[in-house]
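Asks: What follows is a single structure, and I will ask about it in a moment.
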Amino acid sequence: MTGKQTALYFVRKAVELLATLLLVSLLTFLAFSVIPGDTARTMLGANATTEQVEALRVQLGLDRPLPIRYLSWLGGAFTGNLGNSTQFRTSVGGLIVSRLPVTLGMSIIAFILIILISYPLAVLSSRRPGKLGDQICSVLGHILFAIPPFVLSLLLIYLFGSIFKNFSVGNYAAPNVDFGMYLQSLLLPAFAIALPKIAMTFKFLRSSIIEQKASDYVATAKSHGLSDLKILVRHILPNSNVSSITVISLVLSDILGGSLIVEQVFNLPGLGRLLLSAISQRDFPLLSGIVFYLALVTVLLYFAADIFASLSDPRIRIR
């Protein structure tokens, strides 16, 4: 494949990314613009006069036509200025950044747990398909995949908080205050997020490894005298990774969404609590900013998955 074809592939993917973000931004803005209710009235309360409400609407720019408001919001969104929260009276971007250590940290820990646990389990289980160890892993995987993260959160809180008494809900410390306590407070919620995803990733990787083991190139490698370990590391796992990249990108986006729910159960000050507060107070700038940020991260994850998959297998760029 020529360098020009490769460059055109990446340019096309970048254009698709930009078009997706534009569509998401439009749908996000329209969704929160057509919801019944008046932000100015909510901020001032039921006792505010009509003149006061109208003055605040002008101050917030709510009196302008919808297309003008959208273009203004879009320009701010793509330059990092998501406006000011009507509830907290501060920048939406600053509020999101202040809550990122919780949501992002929990997601990163959960992803590390998924990789560290699912890959070894998939390799061990695929060595003897259908045997007792493989069947036990498969049954546990089905059970964990069927349990929602918030239910696992409650079970883990009961187990480690009430029985072992070595965990306290809401015992959170910022990373710049006490990094050890920060990691400790996020580890159990990360497990609650990771366990169903471990089951999902394990199941897919196991099937992919078994499929690769049945390929002709494995038999050829064995005939050349390569050991099973070298074949696994040099050939089977890399080829399995090509098809698993898309699944891992789905897992990553699912982790981010699941963390919003789990952090409510563990009483952590992340984006989930901020999102609920924005919904209850009809804080549309903050609400649309959080949704746009989550959509941006999701789209970027899928974009990165496409790029990594194409780098792993050039045939994808040709197709």
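Going by the structure tokens order, chains are called A, B, ..., each with residues numbered from 1, while ligands are numbered from 1 in the order shown.
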Would you pick out the contacts of segment 273-284 of chain A at 10 Å or less, using only C-alpha atoms, so that residues sharing its chain but fewer than 3 positions from it are not included, and give the list as a VMD selection string?
Replies: chain A and resid 29 32 to 33 35 37 to 40 42 to 43 84 to 88 95 to 96 99 260 to 261 263 to 264 267 to 270 287 to 291
Asks: Write down as an NGL selection string the residues of segment 41-253 of chain A whose backbone DSSP state falls under helix (DSSP H, G or I).
Replies: :A and (41-44 or 50-60 or 66-77 or 92-127 or 132-146 or 149-163 or 179-213 or 216-223 or 228-253)
Asks: Rounded to one decimal, what separation in Å do you get between atom CA of Ile109 of chain A and atom CA of Phe308 of chain A?
Replies: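 A separation of 21.4 Å between them.
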Asks: Neighbouring residues of Leu195 of chain A were defined as those with any atom within 12 Å, considering only C-alpha atoms; residues of the same chain fewer than 4 positions away were excluded. Please report them as a PyMOL selection string.
Replies: chain A and resi 109-118+140-153+156+188-191+199-202+251+255+258
Asks: Nearest to Ser185 of chain A: which of A:Ile248, A:Val102, A:Ala14, A:Ala19 is it, counting only C-alpha atoms?
Replies: A:Val102
Asks: For a quick check of understanding, using only C-alpha atoms, which of A:Gly76, A:Ser107, A:Lys203, A:Lys165 has the smallest distance to Val139 of chain A?
Replies: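 Smallest distance to Val139 of chain A is found for A:Lys203.
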Asks: To one decimal place in Å, what is the distance between atom CA of Tyr182 of chain A and atom CA of Thr103 of chain A?
Replies: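 A separation of 12.0 Å between them.
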Asks: Identify which of the residues A:Val265, A:Leu186, A:Ile108, A:Leu26 lies closest to Leu155 of chain A, counting only C-alpha atoms when measuring atom-to-atom distances.
Replies: A:Val265
Asks: Measuring atom to atom with only C-alpha atoms, identify which of A:Leu205, A:Val299, A:Ala48, A:Leu286 is nearest to Gly94 of chain A.
Replies: A:Leu286
Asks: Just checking: using only C-alpha atoms, which residue out of A:Gln135, A:Ser208, A:Ser91, A:Gln184 ends up closest to Tyr172 of chain A?
Replies: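 Among A:Gln135, A:Ser208, A:Ser91, A:Gln184, it is A:Gln184 that comes nearest to Tyr172 of chain A.
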